[in-house]
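Enquirer: My structure is stored as query-v8.cif, with mmCIF, C-alpha atoms.
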```cif
data_work
#
loop_
_atom_site.group_PDB
_atom_site.id
_atom_site.type_symbol
_atom_site.label_atom_id
_atom_site.label_comp_id
_atom_site.auth_asym_id
_atom_site.auth_seq_id
_atom_site.Cartn_x
_atom_site.Cartn_y
_atom_site.Cartn_z
ATOM 1 C CA MET A 1 103.085 46.830 115.901
ATOM 2 C CA SER A 2 101.540 48.014 119.135
ATOM 3 C CA GLU A 3 99.848 45.777 121.666
ATOM 4 C CA THR A 4 97.824 48.872 122.551
ATOM 5 C CA ILE A 5 96.441 49.177 119.033
ATOM 6 C CA ALA A 6 96.179 45.437 119.225
ATOM 7 C CA SER A 7 97.555 43.985 116.032
ATOM 8 C CA ALA A 8 95.263 45.919 113.733
ATOM 9 C CA PRO A 9 97.028 46.203 110.364
ATOM 10 C CA ALA A 10 97.386 49.981 110.664
ATOM 11 C CA PHE A 11 100.958 50.230 109.457
ATOM 12 C CA TRP A 12 100.951 53.984 110.031
ATOM 13 C CA ILE A 13 100.758 53.465 113.808
ATOM 14 C CA GLN A 14 104.247 52.647 115.108
ATOM 15 C CA PRO A 15 104.320 53.135 118.901
ATOM 16 C CA GLU A 16 107.996 52.297 119.252
ATOM 17 C CA ILE A 17 108.754 55.862 118.112
ATOM 18 C CA GLN A 18 107.721 57.047 121.570
ATOM 19 C CA GLN A 19 110.650 55.256 123.177
ATOM 20 C CA LYS A 20 113.036 57.524 121.241
ATOM 21 C CA ILE A 21 111.558 60.919 122.127
ATOM 22 C CA THR A 22 113.657 63.445 124.016
ATOM 23 C CA TRP A 23 111.184 64.726 126.575
ATOM 24 C CA ARG A 24 111.209 68.250 128.006
ATOM 25 C CA ASP A 25 110.065 69.812 131.246
ATOM 26 C CA GLY A 26 106.441 70.842 130.828
ATOM 27 C CA ASP A 27 105.517 68.286 128.173
ATOM 28 C CA VAL A 28 101.947 66.987 128.288
ATOM 29 C CA VAL A 29 100.840 63.638 126.879
ATOM 30 C CA VAL A 30 97.170 63.118 126.017
ATOM 31 C CA SER A 31 96.776 59.340 126.324
ATOM 32 C CA VAL A 32 93.352 58.051 125.248
ATOM 33 C CA PRO A 33 91.975 54.870 123.627
ATOM 34 C CA PRO A 34 90.549 55.290 120.115
ATOM 35 C CA LYS A 35 87.289 57.235 119.772
ATOM 36 C CA SER A 36 87.223 58.181 123.447
ATOM 37 C CA GLY A 37 87.617 61.949 123.374
ATOM 38 C CA THR A 38 91.172 62.224 122.075
ATOM 39 C CA THR A 39 90.679 65.110 119.648
ATOM 40 C CA TRP A 40 88.569 67.047 122.139
ATOM 41 C CA THR A 41 91.202 66.682 124.862
ATOM 42 C CA MET A 42 93.980 67.652 122.458
ATOM 43 C CA ASN A 43 92.100 70.836 121.667
ATOM 44 C CA ILE A 44 91.413 71.586 125.332
ATOM 45 C CA VAL A 45 95.126 71.395 126.139
ATOM 46 C CA HIS A 46 96.016 73.499 123.102
ATOM 47 C CA GLN A 47 93.444 76.151 123.968
ATOM 48 C CA LEU A 48 94.658 76.311 127.564
ATOM 49 C CA PHE A 49 98.256 76.734 126.437
ATOM 50 C CA SER A 50 97.345 79.379 123.849
ATOM 51 C CA GLY A 51 94.879 81.353 125.958
ATOM 52 C CA GLY A 52 92.069 80.550 123.554
ATOM 53 C CA THR A 53 92.649 80.912 119.819
ATOM 54 C CA ALA A 54 90.864 80.076 116.591
ATOM 55 C CA ASP A 55 94.027 80.880 114.660
ATOM 56 C CA PHE A 56 95.338 77.408 113.918
ATOM 57 C CA ARG A 57 95.152 75.294 110.800
ATOM 58 C CA ASP A 58 95.161 71.731 112.095
ATOM 59 C CA ILE A 59 95.187 70.477 115.702
ATOM 60 C CA TYR A 60 97.682 67.822 114.607
ATOM 61 C CA GLU A 61 100.216 70.555 113.868
ATOM 62 C CA GLU A 62 99.750 71.894 117.395
ATOM 63 C CA VAL A 63 99.501 68.536 119.213
ATOM 64 C CA PRO A 64 101.414 65.917 117.199
ATOM 65 C CA TRP A 65 100.503 62.231 117.272
ATOM 66 C CA ILE A 66 103.729 60.647 118.465
ATOM 67 C CA GLU A 67 103.141 57.131 117.118
ATOM 68 C CA PHE A 68 101.975 58.179 113.661
ATOM 69 C CA VAL A 69 103.905 57.750 110.405
ATOM 70 C CA ALA A 70 102.753 59.891 107.496
ATOM 71 C CA ARG A 71 104.033 57.728 104.654
ATOM 72 C CA PRO A 72 105.564 54.257 104.274
ATOM 73 C CA ASP A 73 109.094 55.583 103.710
ATOM 74 C CA GLU A 74 109.098 58.153 106.527
ATOM 75 C CA PRO A 75 111.980 57.322 108.900
ATOM 76 C CA HIS A 76 111.470 57.649 112.629
ATOM 77 C CA GLN A 77 114.319 60.156 112.808
ATOM 78 C CA GLU A 78 112.394 62.552 110.582
ATOM 79 C CA ILE A 79 109.530 62.476 113.072
ATOM 80 C CA LEU A 80 111.868 62.891 116.033
ATOM 81 C CA ASP A 81 113.613 65.837 114.369
ATOM 82 C CA ARG A 82 110.246 67.489 113.832
ATOM 83 C CA LEU A 83 109.378 67.084 117.506
ATOM 84 C CA ASP A 84 112.770 68.411 118.578
ATOM 85 C CA ALA A 85 112.252 71.449 116.346
ATOM 86 C CA MET A 86 109.084 72.490 118.174
ATOM 87 C CA PRO A 87 109.632 75.866 119.903
ATOM 88 C CA SER A 88 111.416 75.581 123.232
ATOM 89 C CA ASP A 89 109.815 78.731 124.641
ATOM 90 C CA ARG A 90 106.393 77.089 125.059
ATOM 91 C CA ARG A 91 105.137 73.786 126.371
ATOM 92 C CA ARG A 92 104.538 70.894 124.028
ATOM 93 C CA ALA A 93 101.527 68.568 123.991
ATOM 94 C CA PHE A 94 101.275 65.197 122.261
ATOM 95 C CA LYS A 95 98.630 62.634 121.373
ATOM 96 C CA THR A 96 98.932 58.877 121.803
ATOM 97 C CA HIS A 97 96.642 55.853 121.926
ATOM 98 C CA SER A 98 99.309 53.965 123.875
ATOM 99 C CA ALA A 99 99.625 53.313 127.597
ATOM 100 C CA PRO A 100 102.695 52.386 129.679
ATOM 101 C CA PRO A 101 105.073 50.744 129.119
ATOM 102 C CA ILE A 102 104.707 51.216 125.352
ATOM 103 C CA LEU A 103 104.336 54.896 126.151
ATOM 104 C CA PRO A 104 107.269 55.783 128.408
ATOM 105 C CA TYR A 105 106.008 56.945 131.795
ATOM 106 C CA LEU A 106 108.222 59.321 133.777
ATOM 107 C CA PRO A 107 107.198 59.281 137.463
ATOM 108 C CA ALA A 108 106.163 62.417 139.294
ATOM 109 C CA GLY A 109 109.244 64.244 140.549
ATOM 110 C CA ALA A 110 111.448 62.871 137.778
ATOM 111 C CA LYS A 111 113.309 65.036 135.335
ATOM 112 C CA PRO A 112 112.109 66.016 132.849
ATOM 113 C CA ASP A 113 108.725 66.834 134.373
ATOM 114 C CA VAL A 114 106.007 65.346 132.125
ATOM 115 C CA LYS A 115 102.264 65.292 132.810
ATOM 116 C CA TYR A 116 99.720 62.776 131.476
ATOM 117 C CA VAL A 117 96.049 63.513 130.770
ATOM 118 C CA VAL A 118 94.329 60.131 130.482
ATOM 119 C CA VAL A 119 90.724 59.905 129.281
ATOM 120 C CA PHE A 120 88.435 56.874 129.254
ATOM 121 C CA ARG A 121 85.053 56.301 127.613
ATOM 122 C CA ASN A 122 82.523 53.511 127.988
ATOM 123 C CA PRO A 123 84.028 50.875 125.652
ATOM 124 C CA GLU A 124 80.663 50.092 124.075
ATOM 125 C CA GLU A 125 80.387 53.698 122.904
ATOM 126 C CA ALA A 126 84.010 53.904 121.798
ATOM 127 C CA LEU A 127 83.975 50.703 119.758
ATOM 128 C CA ALA A 128 80.630 51.524 118.150
ATOM 129 C CA SER A 129 82.043 54.920 117.140
ATOM 130 C CA PHE A 130 85.224 53.277 115.850
ATOM 131 C CA TRP A 131 83.328 51.450 113.092
ATOM 132 C CA PRO A 132 82.170 54.528 111.094
ATOM 133 C CA PHE A 133 85.475 56.273 111.821
ATOM 134 C CA ILE A 134 87.522 53.554 110.118
ATOM 135 C CA ALA A 135 85.095 53.565 107.194
ATOM 136 C CA LYS A 136 85.766 57.287 106.700
ATOM 137 C CA HIS A 137 89.453 56.809 105.981
ATOM 138 C CA SER A 138 90.092 57.859 102.404
ATOM 139 C CA ASP A 139 90.799 55.565 99.483
ATOM 140 C CA GLU A 140 93.986 57.554 98.864
ATOM 141 C CA TRP A 141 95.207 56.750 102.366
ATOM 142 C CA PHE A 142 94.520 53.027 102.076
ATOM 143 C CA ASP A 143 96.170 52.999 98.637
ATOM 144 C CA LEU A 144 99.260 54.800 99.956
ATOM 145 C CA TRP A 145 99.824 51.980 102.420
ATOM 146 C CA GLY A 146 98.878 49.212 99.983
ATOM 147 C CA MET A 147 95.996 48.150 102.189
ATOM 148 C CA PRO A 148 92.673 47.061 100.734
ATOM 149 C CA ARG A 149 89.735 48.888 102.292
ATOM 150 C CA ALA A 150 88.169 45.521 103.070
ATOM 151 C CA GLY A 151 91.088 44.775 105.373
ATOM 152 C CA MET A 152 89.755 47.172 107.995
ATOM 153 C CA THR A 153 86.143 48.000 107.132
ATOM 154 C CA ARG A 154 82.866 46.065 107.200
ATOM 155 C CA PRO A 155 79.343 46.984 106.041
ATOM 156 C CA ASP A 156 77.803 46.692 109.523
ATOM 157 C CA PHE A 157 78.923 46.899 113.130
ATOM 158 C CA PRO A 158 78.366 43.228 114.117
ATOM 159 C CA SER A 159 80.682 42.002 111.359
ATOM 160 C CA PHE A 160 83.179 44.778 112.176
ATOM 161 C CA TYR A 161 83.164 43.718 115.824
ATOM 162 C CA SER A 162 83.595 40.001 115.150
ATOM 163 C CA GLU A 163 85.990 40.133 112.182
ATOM 164 C CA VAL A 164 88.092 43.235 112.924
ATOM 165 C CA ILE A 165 87.825 43.972 116.652
ATOM 166 C CA ALA A 166 87.440 40.561 118.286
ATOM 167 C CA GLU A 167 89.438 38.510 115.800
ATOM 168 C CA ARG A 168 92.445 40.815 116.195
ATOM 169 C CA GLY A 169 92.086 41.308 119.941
ATOM 170 C CA MET A 170 91.635 45.057 119.667
ATOM 171 C CA HIS A 171 89.124 45.178 122.514
ATOM 172 C CA ALA A 172 91.359 43.116 124.772
ATOM 173 C CA ASN A 173 94.519 45.134 124.248
ATOM 174 C CA GLY A 174 93.502 48.524 122.951
ATOM 175 C CA PHE A 175 90.786 49.121 125.565
ATOM 176 C CA PHE A 176 90.935 46.777 128.558
ATOM 177 C CA GLY A 177 94.714 46.486 128.314
ATOM 178 C CA PHE A 178 94.906 50.275 128.230
ATOM 179 C CA LEU A 179 92.841 50.384 131.443
ATOM 180 C CA ASN A 180 95.023 47.772 133.159
ATOM 181 C CA SER A 181 98.192 49.655 132.253
ATOM 182 C CA TRP A 182 97.075 53.035 133.555
ATOM 183 C CA TRP A 183 94.971 51.953 136.559
ATOM 184 C CA PRO A 184 97.880 51.483 139.029
ATOM 185 C CA LEU A 185 99.008 55.047 138.193
ATOM 186 C CA ARG A 186 95.615 56.709 138.651
ATOM 187 C CA ARG A 187 96.666 58.538 141.829
ATOM 188 C CA ALA A 188 100.123 59.591 140.627
ATOM 189 C CA ALA A 189 100.638 63.328 141.005
ATOM 190 C CA ASN A 190 101.449 63.792 137.325
ATOM 191 C CA VAL A 191 98.509 61.707 135.997
ATOM 192 C CA LEU A 192 94.982 63.059 135.585
ATOM 193 C CA PHE A 193 92.206 60.491 135.092
ATOM 194 C CA LEU A 194 89.085 61.779 133.325
ATOM 195 C CA HIS A 195 85.948 60.043 132.083
ATOM 196 C CA TYR A 196 84.301 61.149 128.857
ATOM 197 C CA SER A 197 80.839 61.082 130.439
ATOM 198 C CA ALA A 198 81.935 63.564 133.127
ATOM 199 C CA MET A 199 83.538 65.816 130.531
ATOM 200 C CA LYS A 200 80.282 65.859 128.562
ATOM 201 C CA ALA A 201 78.209 66.506 131.684
ATOM 202 C CA ASP A 202 80.380 69.414 132.875
ATOM 203 C CA HIS A 203 82.379 70.970 130.055
ATOM 204 C CA ASP A 204 83.326 74.115 131.995
ATOM 205 C CA GLY A 205 84.321 72.225 135.135
ATOM 206 C CA SER A 206 86.340 69.661 133.202
ATOM 207 C CA VAL A 207 88.320 72.266 131.289
ATOM 208 C CA ARG A 208 89.075 74.088 134.535
ATOM 209 C CA LYS A 209 90.121 70.814 136.158
ATOM 210 C CA ILE A 210 92.587 70.174 133.343
ATOM 211 C CA ALA A 211 93.864 73.751 133.698
ATOM 212 C CA ARG A 212 94.559 73.251 137.410
ATOM 213 C CA PHE A 213 96.325 69.965 136.733
ATOM 214 C CA LEU A 214 98.511 71.548 134.061
ATOM 215 C CA GLU A 215 99.138 74.562 136.325
ATOM 216 C CA VAL A 216 97.756 76.934 133.713
ATOM 217 C CA GLU A 217 95.966 80.068 134.897
ATOM 218 C CA PRO A 218 94.063 81.736 132.047
ATOM 219 C CA SER A 219 92.909 85.302 132.564
ATOM 220 C CA GLU A 220 89.260 86.257 132.893
ATOM 221 C CA GLU A 221 89.501 87.569 129.350
ATOM 222 C CA GLU A 222 90.832 84.257 128.034
ATOM 223 C CA TRP A 223 88.323 81.916 129.685
ATOM 224 C CA PRO A 224 85.318 82.707 127.447
ATOM 225 C CA ARG A 225 87.425 82.043 124.347
ATOM 226 C CA ILE A 226 88.813 78.794 125.742
ATOM 227 C CA LEU A 227 85.356 77.503 126.601
ATOM 228 C CA GLU A 228 83.884 78.538 123.256
ATOM 229 C CA TYR A 229 86.689 77.016 121.181
ATOM 230 C CA THR A 230 86.528 73.722 123.100
ATOM 231 C CA SER A 231 82.750 73.353 122.760
ATOM 232 C CA PHE A 232 81.339 70.592 120.573
ATOM 233 C CA ALA A 233 79.348 73.153 118.569
ATOM 234 C CA TRP A 234 82.442 75.214 117.704
ATOM 235 C CA MET A 235 84.545 72.181 116.870
ATOM 236 C CA LYS A 236 81.801 70.737 114.677
ATOM 237 C CA ALA A 237 81.437 74.049 112.862
ATOM 238 C CA HIS A 238 85.216 74.109 112.251
ATOM 239 C CA GLU A 239 85.793 70.391 111.771
ATOM 240 C CA ASP A 240 88.423 70.964 109.084
ATOM 241 C CA LYS A 241 90.750 72.001 111.930
ATOM 242 C CA PHE A 242 90.395 68.583 113.592
ATOM 243 C CA GLU A 243 90.738 66.060 110.771
ATOM 244 C CA ALA A 244 94.507 65.741 110.425
ATOM 245 C CA THR A 245 94.461 67.599 107.124
ATOM 246 C CA THR A 246 98.194 68.343 107.317
ATOM 247 C CA ALA A 247 99.358 65.048 108.822
ATOM 248 C CA GLY A 248 99.708 63.011 105.629
ATOM 249 C CA ASP A 249 100.962 63.437 102.084
ATOM 250 C CA VAL A 250 97.486 62.441 100.874
ATOM 251 C CA PRO A 251 94.105 62.993 102.560
ATOM 252 C CA ILE A 252 93.735 60.627 105.502
ATOM 253 C CA LEU A 253 90.052 61.104 106.311
ATOM 254 C CA GLN A 254 86.835 61.995 104.600
ATOM 255 C CA ARG A 255 84.995 65.057 105.898
ATOM 256 C CA GLY A 256 83.159 64.514 109.170
ATOM 257 C CA ALA A 257 85.253 61.594 110.414
ATOM 258 C CA MET A 258 86.559 63.100 113.654
ATOM 259 C CA ILE A 259 83.729 65.251 114.994
ATOM 260 C CA ARG A 260 80.578 63.125 114.679
ATOM 261 C CA LYS A 261 77.953 63.222 117.445
ATOM 262 C CA GLY A 262 79.916 63.279 120.676
ATOM 263 C CA GLN A 263 77.012 61.783 122.583
ATOM 264 C CA VAL A 264 76.985 59.668 125.728
ATOM 265 C CA GLY A 265 74.824 56.535 125.687
ATOM 266 C CA SER A 266 74.533 56.329 121.908
ATOM 267 C CA ALA A 267 76.246 52.988 121.278
ATOM 268 C CA SER A 268 73.069 51.231 120.143
ATOM 269 C CA ALA A 269 72.489 53.891 117.487
ATOM 270 C CA ASP A 270 75.854 52.944 115.944
ATOM 271 C CA GLY A 271 75.060 49.230 115.941
ATOM 272 C CA MET A 272 75.924 47.947 119.428
ATOM 273 C CA THR A 273 73.659 44.987 120.229
ATOM 274 C CA PRO A 274 72.950 43.344 123.603
ATOM 275 C CA GLU A 275 74.803 40.233 122.433
ATOM 276 C CA ILE A 276 77.935 42.177 121.486
ATOM 277 C CA ALA A 277 77.727 44.188 124.713
ATOM 278 C CA ARG A 278 77.644 40.949 126.750
ATOM 279 C CA ASP A 279 80.623 39.533 124.861
ATOM 280 C CA LEU A 280 82.571 42.760 125.337
ATOM 281 C CA ARG A 281 81.849 42.816 129.057
ATOM 282 C CA MET A 282 82.940 39.170 129.384
ATOM 283 C CA VAL A 283 86.264 40.046 127.755
ATOM 284 C CA GLY A 284 86.682 42.902 130.198
ATOM 285 C CA GLU A 285 85.854 40.737 133.205
ATOM 286 C CA SER A 286 88.362 38.116 132.078
ATOM 287 C CA LEU A 287 91.153 40.670 131.778
ATOM 288 C CA CYS A 288 90.526 43.223 134.531
ATOM 289 C CA SER A 289 91.375 41.864 137.964
ATOM 290 C CA GLU A 290 89.786 44.839 139.755
ATOM 291 C CA PRO A 291 85.986 44.958 139.332
ATOM 292 C CA ALA A 292 85.969 48.570 140.504
ATOM 293 C CA ALA A 293 88.232 49.538 137.615
ATOM 294 C CA LEU A 294 85.965 47.872 135.078
ATOM 295 C CA ASP A 295 82.841 49.431 136.561
ATOM 296 C CA TRP A 296 84.451 52.871 136.418
ATOM 297 C CA PHE A 297 85.503 52.289 132.806
ATOM 298 C CA TYR A 298 81.871 51.707 131.894
ATOM 299 C CA GLU A 299 80.102 54.127 134.210
ATOM 300 C CA GLY A 300 82.511 56.896 135.218
ATOM 301 C CA GLY A 301 81.971 58.763 138.473
ATOM 302 C CA MET A 302 84.545 59.189 141.221
ATOM 303 C CA VAL A 303 87.801 57.324 140.571
ATOM 304 C CA PRO A 304 88.010 54.496 143.156
#
```
Could I get this file's structure written as structure tokens?

Expert:
Amino acid sequence: MSETIASAPAFWIQPEIQQKITWRDGDVVVSVPPKSGTTWTMNIVHQLFSGGTADFRDIYEEVPWIEFVARPDEPHQEILDRLDAMPSDRRRAFKTHSAPPILPYLPAGAKPDVKYVVVFRNPEEALASFWPFIAKHSDEWFDLWGMPRAGMTRPDFPSFYSEVIAERGMHANGFFGFLNSWWPLRRAANVLFLHYSAMKADHDGSVRKIARFLEVEPSEEEWPRILEYTSFAWMKAHEDKFEATTAGDVPILQRGAMIRKGQVGSASADGMTPEIARDLRMVGESLCSEPAALDWFYEGGMVP
């Protein structure tokens, strides 16, 4: 079980798979903590690679989650074979919630040439959004894995924070540990650091920044489509394309789980209290040796 996912009993997340992947030149890894803009960034990369298209069934078919197991008896080799079978005449993109070294990092200039798009979100917002997301996992999915719903859900955010997040160290490892792992690599030529707040404030500029990093040059005809299909409004209106409908043998999520509000500064509306916020910040201060890194995690802005 992953230190990045932080000992949560999500048996379907098995990060060790990533150590077995045969990487290719041009691969892109979207590495993001939970509920921090992962699905949005996956779609941005897909739209840039495709030139802007609405003709896809499920973003998880286009950008596979490389630490995800669809059923209890699915062998890792089956997943690896599926990744190897992806077309070799176009670039691949992958999702992960892991950071190095659980996620293998290939330095800039190495072969194969892999790029990493790494997105961070204020941890108060991300954790507050995580609570309703977990609750929207389907009964069929919990039953498939023999997990009682009460093992991962709570009726309110304070109890979810204390009994699921804090008790299992998910904030320490899955968020602040993620920051610590990526921070020394923030200026690497093949790593792009983005903050969710900046992406929300400047959608057009952020998509173009990702395009430059990936060395993708859409035509003037393609840009309007790319920007439309990566907008919150379009994704919300087509949310069935973003809810992993093809990823499992049974439904994984209830409708509306992935694309909720997408707002910045809305943690309190999802149950974040001043007391929980103080506790969360104390955990971050105890784990992050660089105050500038922690401040950026919370506030965004220029990367120090």

Enquirer: Could you name the residues that touch Tyr105 in chain A at 9 Å or less, counting only C-alpha atoms, but leaving out those on the same chain fewer than 6 positions away, as JSON, numbers by chain?

Expert: {"A": [99, 114, 116]}

Enquirer: Export C-alpha atoms of the chosen residues as a compact mmCIF listing (two decimals), in the coordinates of the input?

Expert:
```
# COMPACT_ATOMS: atom_id res chain seq x y z
CA ALA A 99 99.62 53.31 127.60
CA VAL A 114 106.01 65.35 132.12
CA TYR A 116 99.72 62.78 131.48
```

Enquirer: For range 76-174 of chain A versus range 22-45 of chain A, which residues have an atom no more than 10 Å away, and what is each residue's nearest atom pair and distance in Å rounded to one decimal, using all atoms listed in the file, chain-then-number order, as CSV?

Expert:
```
residue,atom,partner,partner_atom,distance
A:Leu80,CA,A:Thr22,CA,8.2
A:Asp81,CA,A:Thr22,CA,9.9
A:Leu83,CA,A:Thr22,CA,8.6
A:Asp84,CA,A:Thr22,CA,7.4
A:Ser88,CA,A:Arg24,CA,8.8
A:Arg90,CA,A:Gly26,CA,8.5
A:Arg91,CA,A:Gly26,CA,5.5
A:Arg92,CA,A:Asp27,CA,5.0
A:Ala93,CA,A:Val28,CA,4.6
A:Phe94,CA,A:Val29,CA,4.9
A:Lys95,CA,A:Val30,CA,4.9
A:Thr96,CA,A:Ser31,CA,5.0
A:His97,CA,A:Pro33,CA,5.1
A:Ser98,CA,A:Ser31,CA,6.4
A:Ala99,CA,A:Ser31,CA,6.8
A:Pro100,CA,A:Ser31,CA,9.7
A:Leu103,CA,A:Ser31,CA,8.8
A:Pro104,CA,A:Trp23,CA,9.9
A:Tyr105,CA,A:Val29,CA,9.8
A:Leu106,CA,A:Trp23,CA,9.5
A:Ala110,CA,A:Asp25,CA,9.6
A:Lys111,CA,A:Asp25,CA,7.1
A:Pro112,CA,A:Asp25,CA,4.6
A:Asp113,CA,A:Asp25,CA,4.5
A:Val114,CA,A:Asp27,CA,4.9
A:Lys115,CA,A:Val28,CA,4.8
A:Tyr116,CA,A:Val29,CA,4.8
A:Val117,CA,A:Val30,CA,4.9
A:Val118,CA,A:Ser31,CA,4.9
A:Val119,CA,A:Val32,CA,5.2
A:Phe120,CA,A:Ser36,CA,6.1
A:Arg121,CA,A:Ser36,CA,5.1
A:Asn122,CA,A:Ser36,CA,8.0
A:Pro123,CA,A:Ser36,CA,8.3
A:Glu125,CA,A:Ser36,CA,8.2
A:Ala126,CA,A:Lys35,CA,5.1
A:Leu127,CA,A:Lys35,CA,7.3
A:Ala128,CA,A:Lys35,CA,8.9
A:Ser129,CA,A:Lys35,CA,6.3
A:Phe130,CA,A:Lys35,CA,5.9
A:Trp131,CA,A:Lys35,CA,9.7
A:Phe133,CA,A:Lys35,CA,8.2
A:Gly174,CA,A:Pro33,CA,6.6
```

Enquirer: Report, in Å with one decimal, the straight-line distance from CA of Arg187 in chain A to CA of Ser219 in chain A.

Expert: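 Separation of CA of Arg187 in chain A and CA of Ser219 in chain A: 28.6 Å.
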
Enquirer: Need the shell around Arg82 in chain A: protein/DNA/RNA residues with any atom at most 12 Å away, counting only C-alpha atoms. Skip same-chain ones fewer than 2 positions apart. Format as a list in words?

Expert: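 Counting only the stated atoms, we get Ile21, Thr22, Glu61, Glu62, Pro64, Trp65, Ile66, Glu74, Pro75, His76, Gln77, Glu78, Ile79, Leu80, Asp84, Ala85, Met86 and Pro87 of chain A.
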
Enquirer: With the file shown as input, list the residues that the PyMOL selection byres ((chain A and resi 67) around 6) selects, as JSON, numbers by chain.

Expert: {"A": [13, 14, 15, 17, 65, 66, 68]}

Enquirer: Provide range 152-171 of chain A rebuilt to N, CA and C atoms, formatted as a PDB file, in the frame of the given file.

Expert:
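Done, and the output landed in result32.pdb:
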```
ATOM      1  N   MET A 152      90.070  46.530 106.723  1.00  0.00           N
ATOM      2  CA  MET A 152      89.755  47.172 107.995  1.00  0.00           C
ATOM      3  C   MET A 152      88.307  47.633 108.123  1.00  0.00           C
ATOM      4  N   THR A 153      87.523  47.522 107.080  1.00  0.00           N
ATOM      5  CA  THR A 153      86.143  48.000 107.132  1.00  0.00           C
ATOM      6  C   THR A 153      85.171  46.845 106.914  1.00  0.00           C
ATOM      7  N   ARG A 154      83.952  47.028 107.405  1.00  0.00           N
ATOM      8  CA  ARG A 154      82.866  46.065 107.200  1.00  0.00           C
ATOM      9  C   ARG A 154      81.573  46.852 106.999  1.00  0.00           C
ATOM     10  N   PRO A 155      80.567  46.243 106.347  1.00  0.00           N
ATOM     11  CA  PRO A 155      79.343  46.984 106.041  1.00  0.00           C
ATOM     12  C   PRO A 155      78.431  47.221 107.234  1.00  0.00           C
ATOM     13  N   ASP A 156      78.648  46.522 108.341  1.00  0.00           N
ATOM     14  CA  ASP A 156      77.803  46.692 109.523  1.00  0.00           C
ATOM     15  C   ASP A 156      78.645  46.484 110.772  1.00  0.00           C
ATOM     16  N   PHE A 157      78.131  46.979 111.906  1.00  0.00           N
ATOM     17  CA  PHE A 157      78.923  46.899 113.130  1.00  0.00           C
ATOM     18  C   PHE A 157      79.124  45.474 113.641  1.00  0.00           C
ATOM     19  N   PRO A 158      78.114  44.591 113.631  1.00  0.00           N
ATOM     20  CA  PRO A 158      78.366  43.228 114.117  1.00  0.00           C
ATOM     21  C   PRO A 158      79.513  42.524 113.395  1.00  0.00           C
ATOM     22  N   SER A 159      79.575  42.650 112.074  1.00  0.00           N
ATOM     23  CA  SER A 159      80.682  42.002 111.359  1.00  0.00           C
ATOM     24  C   SER A 159      82.000  42.725 111.643  1.00  0.00           C
ATOM     25  N   PHE A 160      81.964  44.043 111.809  1.00  0.00           N
ATOM     26  CA  PHE A 160      83.179  44.778 112.176  1.00  0.00           C
ATOM     27  C   PHE A 160      83.677  44.315 113.541  1.00  0.00           C
ATOM     28  N   TYR A 161      82.764  44.154 114.483  1.00  0.00           N
ATOM     29  CA  TYR A 161      83.164  43.718 115.824  1.00  0.00           C
ATOM     30  C   TYR A 161      83.775  42.322 115.789  1.00  0.00           C
ATOM     31  N   SER A 162      83.120  41.384 115.116  1.00  0.00           N
ATOM     32  CA  SER A 162      83.595  40.001 115.150  1.00  0.00           C
ATOM     33  C   SER A 162      84.841  39.779 114.310  1.00  0.00           C
ATOM     34  N   GLU A 163      84.919  40.442 113.136  1.00  0.00           N
ATOM     35  CA  GLU A 163      85.990  40.133 112.182  1.00  0.00           C
ATOM     36  C   GLU A 163      87.184  41.083 112.271  1.00  0.00           C
ATOM     37  N   VAL A 164      86.988  42.279 112.810  1.00  0.00           N
ATOM     38  CA  VAL A 164      88.092  43.235 112.924  1.00  0.00           C
ATOM     39  C   VAL A 164      88.495  43.421 114.384  1.00  0.00           C
ATOM     40  N   ILE A 165      87.520  43.703 115.250  1.00  0.00           N
ATOM     41  CA  ILE A 165      87.825  43.972 116.652  1.00  0.00           C
ATOM     42  C   ILE A 165      88.177  42.695 117.409  1.00  0.00           C
ATOM     43  N   ALA A 166      87.242  41.760 117.468  1.00  0.00           N
ATOM     44  CA  ALA A 166      87.440  40.561 118.286  1.00  0.00           C
ATOM     45  C   ALA A 166      88.504  39.639 117.714  1.00  0.00           C
ATOM     46  N   GLU A 167      88.486  39.435 116.410  1.00  0.00           N
ATOM     47  CA  GLU A 167      89.438  38.510 115.800  1.00  0.00           C
ATOM     48  C   GLU A 167      90.875  38.970 115.999  1.00  0.00           C
ATOM     49  N   ARG A 168      91.088  40.281 116.044  1.00  0.00           N
ATOM     50  CA  ARG A 168      92.445  40.815 116.195  1.00  0.00           C
ATOM     51  C   ARG A 168      92.758  41.235 117.630  1.00  0.00           C
ATOM     52  N   GLY A 169      91.826  41.003 118.544  1.00  0.00           N
ATOM     53  CA  GLY A 169      92.086  41.308 119.941  1.00  0.00           C
ATOM     54  C   GLY A 169      92.160  42.778 120.256  1.00  0.00           C
ATOM     55  N   MET A 170      91.529  43.614 119.457  1.00  0.00           N
ATOM     56  CA  MET A 170      91.635  45.057 119.667  1.00  0.00           C
ATOM     57  C   MET A 170      90.915  45.500 120.933  1.00  0.00           C
ATOM     58  N   HIS A 171      89.814  44.821 121.275  1.00  0.00           N
ATOM     59  CA  HIS A 171      89.124  45.178 122.514  1.00  0.00           C
ATOM     60  C   HIS A 171      89.945  44.779 123.726  1.00  0.00           C
TER      61      HIS A 171
END
```
